[in-house]
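Engineer: As input, take data30.pdb (PDB, C-alpha atoms, pLDDT in the B column):
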```pdb
ATOM      1  CA  MET A   1      17.993   1.148 -20.714  1.00 44.00           C
ATOM      2  CA  ALA A   2      20.873  -0.800 -19.141  1.00 45.00           C
ATOM      3  CA  THR A   3      19.595  -1.564 -15.641  1.00 53.00           C
ATOM      4  CA  GLY A   4      19.776  -4.665 -13.478  1.00 78.00           C
ATOM      5  CA  PHE A   5      16.134  -5.368 -14.238  1.00 85.00           C
ATOM      6  CA  SER A   6      14.876  -7.688 -16.935  1.00 85.00           C
ATOM      7  CA  TYR A   7      12.169  -6.559 -19.360  1.00 88.00           C
ATOM      8  CA  ARG A   8       9.488  -8.403 -17.361  1.00 90.00           C
ATOM      9  CA  GLU A   9      10.620  -6.773 -14.098  1.00 91.00           C
ATOM     10  CA  LYS A  10      10.412  -3.305 -15.611  1.00 91.00           C
ATOM     11  CA  THR A  11       6.884  -3.975 -16.881  1.00 93.00           C
ATOM     12  CA  LEU A  12       5.883  -5.222 -13.422  1.00 94.00           C
ATOM     13  CA  TYR A  13       7.178  -2.102 -11.664  1.00 94.00           C
ATOM     14  CA  ALA A  14       5.321   0.016 -14.234  1.00 94.00           C
ATOM     15  CA  SER A  15       2.118  -1.983 -13.668  1.00 93.00           C
ATOM     16  CA  LEU A  16       2.388  -1.598  -9.907  1.00 94.00           C
ATOM     17  CA  ALA A  17       3.013   2.148 -10.224  1.00 93.00           C
ATOM     18  CA  VAL A  18      -0.045   2.565 -12.474  1.00 93.00           C
ATOM     19  CA  GLU A  19      -2.229   0.437 -10.194  1.00 90.00           C
ATOM     20  CA  LEU A  20      -1.239   2.402  -7.081  1.00 91.00           C
ATOM     21  CA  ALA A  21      -1.512   5.771  -8.850  1.00 90.00           C
ATOM     22  CA  VAL A  22      -5.007   5.075 -10.193  1.00 88.00           C
ATOM     23  CA  TYR A  23      -6.578   2.874  -7.520  1.00 85.00           C
ATOM     24  CA  GLY A  24      -5.021   4.692  -4.552  1.00 82.00           C
ATOM     25  CA  PRO A  25      -6.925   7.965  -4.971  1.00 79.00           C
ATOM     26  CA  TYR A  26     -10.090   6.049  -5.855  1.00 74.00           C
ATOM     27  CA  PHE A  27     -10.137   4.108  -2.596  1.00 74.00           C
ATOM     28  CA  PHE A  28      -8.576   6.608  -0.210  1.00 73.00           C
ATOM     29  CA  LEU A  29      -9.521  10.067  -1.449  1.00 66.00           C
ATOM     30  CA  HIS A  30     -12.947   9.722  -3.069  1.00 60.00           C
ATOM     31  CA  ARG A  31     -15.766   9.237  -0.600  1.00 62.00           C
ATOM     32  CA  GLN A  32     -18.545   9.093  -3.158  1.00 63.00           C
ATOM     33  CA  ASN A  33     -17.882   6.254  -5.580  1.00 63.00           C
ATOM     34  CA  SER A  34     -20.036   5.715  -8.639  1.00 72.00           C
ATOM     35  CA  VAL A  35     -20.348   3.400 -11.625  1.00 75.00           C
ATOM     36  CA  ASN A  36     -18.909   6.153 -13.824  1.00 79.00           C
ATOM     37  CA  LYS A  37     -15.845   6.436 -11.607  1.00 78.00           C
ATOM     38  CA  VAL A  38     -15.283   2.665 -11.774  1.00 78.00           C
ATOM     39  CA  ALA A  39     -15.542   2.816 -15.567  1.00 84.00           C
ATOM     40  CA  ALA A  40     -13.182   5.836 -15.691  1.00 84.00           C
ATOM     41  CA  MET A  41     -10.755   3.934 -13.469  1.00 83.00           C
ATOM     42  CA  ILE A  42     -10.686   0.923 -15.773  1.00 86.00           C
ATOM     43  CA  ILE A  43     -10.189   3.120 -18.852  1.00 91.00           C
ATOM     44  CA  ALA A  44      -7.408   5.070 -17.075  1.00 89.00           C
ATOM     45  CA  ILE A  45      -5.645   1.825 -16.129  1.00 89.00           C
ATOM     46  CA  ILE A  46      -5.813   0.509 -19.709  1.00 92.00           C
ATOM     47  CA  VAL A  47      -4.602   3.774 -21.285  1.00 94.00           C
ATOM     48  CA  LEU A  48      -1.754   4.300 -18.778  1.00 93.00           C
ATOM     49  CA  GLN A  49      -0.658   0.659 -19.075  1.00 92.00           C
ATOM     50  CA  ILE A  50      -0.522   0.909 -22.880  1.00 94.00           C
ATOM     51  CA  ILE A  51       1.512   4.143 -22.742  1.00 94.00           C
ATOM     52  CA  LEU A  52       3.980   2.924 -20.080  1.00 92.00           C
ATOM     53  CA  GLN A  53       4.409  -0.562 -21.552  1.00 91.00           C
ATOM     54  CA  SER A  54       5.029   0.966 -24.992  1.00 93.00           C
ATOM     55  CA  ILE A  55       7.703   3.269 -23.550  1.00 93.00           C
ATOM     56  CA  ILE A  56       9.400   0.363 -21.742  1.00 92.00           C
ATOM     57  CA  ALA A  57       9.241  -1.846 -24.841  1.00 90.00           C
ATOM     58  CA  GLY A  58      10.724   0.997 -26.910  1.00 90.00           C
ATOM     59  CA  LEU A  59      13.570   1.609 -24.470  1.00 88.00           C
ATOM     60  CA  THR A  60      14.418  -2.050 -23.821  1.00 84.00           C
ATOM     61  CA  ARG A  61      16.552  -3.693 -26.471  1.00 80.00           C
ATOM     62  CA  ASN A  62      16.477  -7.215 -25.068  1.00 77.00           C
ATOM     63  CA  ARG A  63      12.838  -8.246 -24.582  1.00 81.00           C
ATOM     64  CA  VAL A  64      13.473 -11.952 -23.959  1.00 83.00           C
ATOM     65  CA  THR A  65      11.219 -13.775 -21.525  1.00 87.00           C
ATOM     66  CA  ASP A  66      12.188 -17.226 -20.320  1.00 91.00           C
ATOM     67  CA  GLU A  67      11.181 -20.153 -18.091  1.00 94.00           C
ATOM     68  CA  ARG A  68      11.957 -18.231 -14.878  1.00 94.00           C
ATOM     69  CA  ASP A  69       9.674 -15.396 -15.983  1.00 94.00           C
ATOM     70  CA  ARG A  70       6.888 -17.899 -16.666  1.00 94.00           C
ATOM     71  CA  LEU A  71       7.386 -19.600 -13.279  1.00 95.00           C
ATOM     72  CA  ILE A  72       7.280 -16.238 -11.495  1.00 96.00           C
ATOM     73  CA  GLU A  73       4.175 -15.273 -13.467  1.00 95.00           C
ATOM     74  CA  LEU A  74       2.449 -18.455 -12.278  1.00 97.00           C
ATOM     75  CA  ARG A  75       3.466 -17.752  -8.672  1.00 96.00           C
ATOM     76  CA  GLY A  76       1.982 -14.284  -8.978  1.00 97.00           C
ATOM     77  CA  TYR A  77      -1.305 -15.649 -10.305  1.00 97.00           C
ATOM     78  CA  ARG A  78      -1.410 -18.184  -7.465  1.00 97.00           C
ATOM     79  CA  ALA A  79      -0.896 -15.420  -4.876  1.00 97.00           C
ATOM     80  CA  GLY A  80      -3.579 -13.298  -6.564  1.00 97.00           C
ATOM     81  CA  TYR A  81      -6.008 -16.231  -6.640  1.00 98.00           C
ATOM     82  CA  LEU A  82      -5.423 -17.018  -2.961  1.00 98.00           C
ATOM     83  CA  MET A  83      -6.022 -13.361  -2.103  1.00 98.00           C
ATOM     84  CA  ILE A  84      -9.283 -13.072  -4.045  1.00 97.00           C
ATOM     85  CA  ALA A  85     -10.518 -16.417  -2.695  1.00 97.00           C
ATOM     86  CA  SER A  86      -9.757 -15.284   0.878  1.00 97.00           C
ATOM     87  CA  LEU A  87     -11.457 -11.921   0.334  1.00 96.00           C
ATOM     88  CA  MET A  88     -14.507 -13.670  -1.140  1.00 95.00           C
ATOM     89  CA  VAL A  89     -14.796 -15.901   1.926  1.00 96.00           C
ATOM     90  CA  ILE A  90     -14.413 -12.908   4.265  1.00 95.00           C
ATOM     91  CA  GLY A  91     -16.912 -10.872   2.211  1.00 91.00           C
ATOM     92  CA  LEU A  92     -19.499 -13.646   2.174  1.00 91.00           C
ATOM     93  CA  GLY A  93     -18.949 -14.161   5.910  1.00 92.00           C
ATOM     94  CA  MET A  94     -19.569 -10.464   6.586  1.00 88.00           C
ATOM     95  CA  LEU A  95     -22.640 -10.513   4.345  1.00 86.00           C
ATOM     96  CA  TRP A  96     -23.992 -13.519   6.235  1.00 87.00           C
ATOM     97  CA  PHE A  97     -23.246 -11.808   9.573  1.00 88.00           C
ATOM     98  CA  HIS A  98     -25.009  -8.573   8.596  1.00 83.00           C
ATOM     99  CA  ALA A  99     -27.976 -10.502   7.204  1.00 82.00           C
ATOM    100  CA  THR A 100     -28.184 -12.507  10.435  1.00 86.00           C
ATOM    101  CA  VAL A 101     -28.177  -9.483  12.766  1.00 83.00           C
ATOM    102  CA  GLY A 102     -30.568  -7.569  10.485  1.00 77.00           C
ATOM    103  CA  HIS A 103     -28.166  -4.823   9.314  1.00 74.00           C
ATOM    104  CA  LEU A 104     -28.557  -5.688   5.631  1.00 73.00           C
ATOM    105  CA  HIS A 105     -31.069  -3.450   3.846  1.00 73.00           C
ATOM    106  CA  LEU A 106     -31.333  -4.702   0.283  1.00 71.00           C
ATOM    107  CA  GLU A 107     -34.141  -2.209  -0.463  1.00 72.00           C
ATOM    108  CA  ASN A 108     -31.568   0.626  -0.186  1.00 72.00           C
ATOM    109  CA  ARG A 109     -30.942   1.912  -3.744  1.00 71.00           C
ATOM    110  CA  MET A 110     -27.199   2.368  -3.003  1.00 73.00           C
ATOM    111  CA  VAL A 111     -26.684  -1.293  -2.141  1.00 76.00           C
ATOM    112  CA  GLY A 112     -25.824  -2.210  -5.747  1.00 77.00           C
ATOM    113  CA  LEU A 113     -23.090   0.416  -5.830  1.00 77.00           C
ATOM    114  CA  HIS A 114     -21.711  -0.782  -2.509  1.00 79.00           C
ATOM    115  CA  PHE A 115     -21.518  -4.346  -3.823  1.00 82.00           C
ATOM    116  CA  LEU A 116     -19.830  -3.088  -7.002  1.00 80.00           C
ATOM    117  CA  SER A 117     -17.284  -1.160  -4.941  1.00 80.00           C
ATOM    118  CA  VAL A 118     -16.564  -4.157  -2.736  1.00 84.00           C
ATOM    119  CA  PHE A 119     -16.087  -6.573  -5.652  1.00 87.00           C
ATOM    120  CA  PHE A 120     -14.026  -4.019  -7.562  1.00 84.00           C
ATOM    121  CA  GLY A 121     -11.903  -3.536  -4.440  1.00 86.00           C
ATOM    122  CA  MET A 122     -11.362  -7.293  -4.170  1.00 91.00           C
ATOM    123  CA  LEU A 123     -10.200  -7.444  -7.781  1.00 91.00           C
ATOM    124  CA  VAL A 124      -7.856  -4.495  -7.246  1.00 90.00           C
ATOM    125  CA  ILE A 125      -6.322  -5.964  -4.081  1.00 93.00           C
ATOM    126  CA  ALA A 126      -5.865  -9.336  -5.816  1.00 95.00           C
ATOM    127  CA  ASP A 127      -4.249  -7.637  -8.810  1.00 94.00           C
ATOM    128  CA  ILE A 128      -1.843  -5.643  -6.622  1.00 94.00           C
ATOM    129  CA  THR A 129      -1.048  -8.821  -4.655  1.00 96.00           C
ATOM    130  CA  LYS A 130      -0.273 -10.656  -7.919  1.00 96.00           C
ATOM    131  CA  THR A 131       2.060  -7.912  -9.163  1.00 95.00           C
ATOM    132  CA  THR A 132       3.784  -7.514  -5.784  1.00 96.00           C
ATOM    133  CA  ALA A 133       4.280 -11.292  -5.446  1.00 96.00           C
ATOM    134  CA  GLN A 134       5.931 -11.357  -8.877  1.00 96.00           C
ATOM    135  CA  ILE A 135       8.241  -8.442  -8.016  1.00 95.00           C
ATOM    136  CA  VAL A 136       9.242 -10.114  -4.732  1.00 95.00           C
ATOM    137  CA  SER A 137       9.820 -13.463  -6.527  1.00 94.00           C
ATOM    138  CA  TYR A 138      12.334 -11.799  -8.851  1.00 91.00           C
ATOM    139  CA  ARG A 139      14.373 -10.680  -5.842  1.00 87.00           C
ATOM    140  CA  LYS A 140      14.422 -13.921  -3.846  1.00 85.00           C
ATOM    141  CA  ALA A 141      15.503 -17.505  -4.488  1.00 76.00           C
ATOM    142  CA  LEU A 142      12.952 -19.717  -6.239  1.00 75.00           C
TER     143      LEU A 142
ATOM    144  CA  MET B   1      23.865 -25.600   1.165  1.00 70.00           C
ATOM    145  CA  PRO B   2      21.384 -25.662  -1.735  1.00 77.00           C
ATOM    146  CA  ALA B   3      20.236 -29.010  -3.118  1.00 84.00           C
ATOM    147  CA  ILE B   4      21.451 -28.168  -6.619  1.00 88.00           C
ATOM    148  CA  ARG B   5      24.770 -26.392  -6.957  1.00 90.00           C
ATOM    149  CA  ASN B   6      26.632 -25.433 -10.078  1.00 94.00           C
ATOM    150  CA  GLN B   7      30.039 -24.395 -11.398  1.00 94.00           C
ATOM    151  CA  ILE B   8      28.737 -22.209 -14.197  1.00 96.00           C
ATOM    152  CA  ARG B   9      30.516 -19.061 -13.038  1.00 95.00           C
ATOM    153  CA  GLU B  10      33.928 -20.799 -12.985  1.00 96.00           C
ATOM    154  CA  LEU B  11      33.362 -22.632 -16.288  1.00 96.00           C
ATOM    155  CA  ARG B  12      32.127 -19.443 -17.953  1.00 96.00           C
ATOM    156  CA  ALA B  13      35.064 -17.408 -16.640  1.00 95.00           C
ATOM    157  CA  ALA B  14      37.511 -20.029 -17.923  1.00 95.00           C
ATOM    158  CA  ARG B  15      36.019 -19.537 -21.393  1.00 95.00           C
ATOM    159  CA  GLN B  16      35.984 -15.733 -21.021  1.00 95.00           C
ATOM    160  CA  MET B  17      32.274 -15.749 -21.707  1.00 96.00           C
ATOM    161  CA  THR B  18      30.047 -13.012 -20.297  1.00 96.00           C
ATOM    162  CA  GLN B  19      26.726 -13.669 -18.573  1.00 95.00           C
ATOM    163  CA  GLN B  20      24.942 -11.975 -21.471  1.00 94.00           C
ATOM    164  CA  GLU B  21      26.697 -14.189 -24.044  1.00 96.00           C
ATOM    165  CA  LEU B  22      25.749 -17.340 -22.155  1.00 97.00           C
ATOM    166  CA  ALA B  23      22.185 -16.072 -21.714  1.00 95.00           C
ATOM    167  CA  ASP B  24      21.852 -15.346 -25.449  1.00 94.00           C
ATOM    168  CA  ARG B  25      23.163 -18.779 -26.402  1.00 95.00           C
ATOM    169  CA  ILE B  26      20.827 -20.712 -24.097  1.00 96.00           C
ATOM    170  CA  GLY B  27      17.825 -18.457 -24.700  1.00 94.00           C
ATOM    171  CA  VAL B  28      17.288 -16.948 -21.254  1.00 94.00           C
ATOM    172  CA  THR B  29      17.706 -13.482 -19.747  1.00 92.00           C
ATOM    173  CA  ARG B  30      20.954 -12.335 -18.124  1.00 93.00           C
ATOM    174  CA  GLN B  31      19.044 -12.060 -14.837  1.00 92.00           C
ATOM    175  CA  THR B  32      18.245 -15.782 -15.038  1.00 94.00           C
ATOM    176  CA  VAL B  33      21.930 -16.634 -15.561  1.00 95.00           C
ATOM    177  CA  ILE B  34      22.762 -14.490 -12.520  1.00 94.00           C
ATOM    178  CA  ALA B  35      20.066 -16.279 -10.465  1.00 94.00           C
ATOM    179  CA  ILE B  36      21.377 -19.707 -11.548  1.00 95.00           C
ATOM    180  CA  GLU B  37      24.988 -18.781 -10.721  1.00 95.00           C
ATOM    181  CA  GLN B  38      23.939 -17.536  -7.284  1.00 92.00           C
ATOM    182  CA  ASP B  39      22.017 -20.798  -6.653  1.00 90.00           C
ATOM    183  CA  LYS B  40      18.779 -18.785  -6.429  1.00 90.00           C
ATOM    184  CA  TYR B  41      17.130 -20.653  -9.272  1.00 92.00           C
ATOM    185  CA  SER B  42      17.354 -24.267 -10.455  1.00 92.00           C
ATOM    186  CA  PRO B  43      16.854 -24.313 -14.220  1.00 95.00           C
ATOM    187  CA  SER B  44      14.756 -26.819 -16.132  1.00 95.00           C
ATOM    188  CA  LEU B  45      16.470 -29.961 -17.401  1.00 95.00           C
ATOM    189  CA  GLU B  46      16.380 -28.569 -20.947  1.00 96.00           C
ATOM    190  CA  THR B  47      18.146 -25.342 -19.930  1.00 96.00           C
ATOM    191  CA  ALA B  48      20.659 -27.302 -17.852  1.00 96.00           C
ATOM    192  CA  PHE B  49      21.561 -29.410 -20.900  1.00 96.00           C
ATOM    193  CA  LYS B  50      21.856 -26.277 -23.036  1.00 96.00           C
ATOM    194  CA  VAL B  51      24.267 -24.747 -20.484  1.00 97.00           C
ATOM    195  CA  ALA B  52      26.388 -27.907 -20.504  1.00 96.00           C
ATOM    196  CA  ILE B  53      26.466 -28.005 -24.314  1.00 97.00           C
ATOM    197  CA  VAL B  54      27.392 -24.314 -24.627  1.00 97.00           C
ATOM    198  CA  LEU B  55      30.150 -24.681 -22.004  1.00 96.00           C
ATOM    199  CA  GLY B  56      31.307 -27.922 -23.647  1.00 95.00           C
ATOM    200  CA  VAL B  57      31.240 -30.090 -20.538  1.00 96.00           C
ATOM    201  CA  PRO B  58      29.113 -33.023 -19.313  1.00 96.00           C
ATOM    202  CA  LEU B  59      26.016 -32.091 -17.322  1.00 95.00           C
ATOM    203  CA  ASP B  60      27.468 -33.349 -14.039  1.00 93.00           C
ATOM    204  CA  LYS B  61      30.440 -31.006 -14.398  1.00 93.00           C
ATOM    205  CA  CYS B  62      28.016 -28.063 -14.450  1.00 93.00           C
ATOM    206  CA  PHE B  63      25.405 -29.164 -11.925  1.00 94.00           C
ATOM    207  CA  GLN B  64      25.673 -31.297  -8.789  1.00 93.00           C
ATOM    208  CA  TYR B  65      22.844 -32.614  -6.674  1.00 90.00           C
ATOM    209  CA  ASP B  66      23.133 -32.790  -2.895  1.00 86.00           C
ATOM    210  CA  PRO B  67      20.289 -34.914  -1.434  1.00 85.00           C
ATOM    211  CA  ASN B  68      20.872 -33.324   1.996  1.00 83.00           C
ATOM    212  CA  GLY B  69      20.815 -29.760   0.693  1.00 78.00           C
ATOM    213  CA  ARG B  70      17.919 -27.357   1.179  1.00 73.00           C
ATOM    214  CA  ARG B  71      15.399 -26.987  -1.621  1.00 64.00           C
TER     215      ARG B  71
END
```
Please render this file's structure as structure tokens.
Structural biologist:
Amino acid sequence: MATGFSYREKTLYASLAVELAVYGPYFFLHRQNSVNKVAAMIIAIIVLQIILQSIIAGLTRNRVTDERDRLIELRGYRAGYLMIASLMVIGLGMLWFHATVGHLHLENRMVGLHFLSVFFGMLVIADITKTTAQIVSYRKAL
Amino acid sequence: MPAIRNQIRELRAARQMTQQELADRIGVTRQTVIAIEQDKYSPSLETAFKVAIVLGVPLDKCFQYDPNGRR
């Protein structure tokens, strides 16, 4: 595979494609989320990642990673951390607001699933932010 | 102008060395060599020394620092 992309870049594009392909339908097409669907999502991500990463590793002769790859990886994790921290603050703020105005009904049996969906969504958005930040870092000056 | 500039492309061309050959000898990817040559990435001190050794020139012939350049 003689492209202008390094091994790490190819794996990042594959990761982003898998994340969007699996999480996209979950968040935008399915109205009724469930614990089983979250579990199926995680298994699908793991299986697809293993298959795609194996294909890329098999097709890429030069699998060197270097200091620039490590620096970009760290930048990605920093962007992902900032995203999840921001979402946590927003989420807690909204929770506080709803509790204050009396819209929060913790006796509702679906509330656990809603919280699971929200936290899962935060993790997904942070993960996509991390991968996207890494892809962008490869294309701009560090 | 960037704070750290380099003459790697010229020095490499004078030795008829490809980007891939230089990358292999200093232990980085070809994309990193491209980024260094385009002043898009300032390598670590260790990599900078490796580049100078492989090209057979002193470090300051490869890399120059401009205190007024952008970082």
Engineer: I need the chain A residues near chain B as a list in words; criterion: at most 10 Å, counting all atoms listed in the file.
Structural biologist: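 My answer is Gly4, Phe5, Ser6, Tyr7, Arg8, Glu9, Asn62, Arg63, Val64, Thr65, Asp66, Glu67, Arg68, Asp69, Tyr138, Arg139, Lys140, Ala141 and Leu142 of chain A.
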Engineer: Can you spell out as a PyMOL selection string the set of residues that the PyMOL selection byres ((chain A and resi 110-118) around 10) selects in the structure I just provided?
Structural biologist: chain A and resi 27+33-35+38+87-88+91+104-109+119-124
Engineer: Determine the residue membership of the PyMOL selection byres ((chain B and resi 51) around 10) for the file above and supply it as a ChimeraX atom specification.
Structural biologist: /B:8,12,22-23,25-27,33,43,45-50,52-59,62-63
Engineer: Figure out the distance between atom CA of A:Gln53 and atom CA of A:Thr11, please, to one decimal in Å.
Structural biologist: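 That distance, rounded to one decimal, is 6.3 Å.
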Engineer: Rounded to one decimal place, report the atom CA of A:Glu73-atom CA of A:Gln134 distance in Å.
Structural biologist: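 Atom-to-atom, atom CA of A:Glu73 and atom CA of A:Gln134 are spaced 6.3 Å apart.
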Engineer: Which neighbours of A:Ser54 fall inside 12 Å, counting all atoms listed in the file, when residues of the same chain fewer than 6 positions from it are skipped, and could you give them as a PyMOL selection string?
Structural biologist: chain A and resi 7+10-11+14+47-48+60
Engineer: Could you tell me how far atom CA of A:Leu16 sits from atom CA of A:Gln49, in Å to one decimal place?
Structural biologist: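 According to the coordinates, atom CA of A:Gln49 and atom CA of A:Leu16 are separated by 9.9 Å.
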Engineer: Using only C-alpha atoms for the distances, tell me which of A:Ile72, A:Ile56, A:Ala99, A:Ile43 is nearest to A:Tyr13.
Structural biologist: A:Ile56
Engineer: For A:Ala79, find every residue with an atom within 10 Å (counting only C-alpha atoms), except residues of its own chain fewer than 5 positions away, and show them as number ranges by chain.
Structural biologist: A: 73-74, 84-85, 126-134
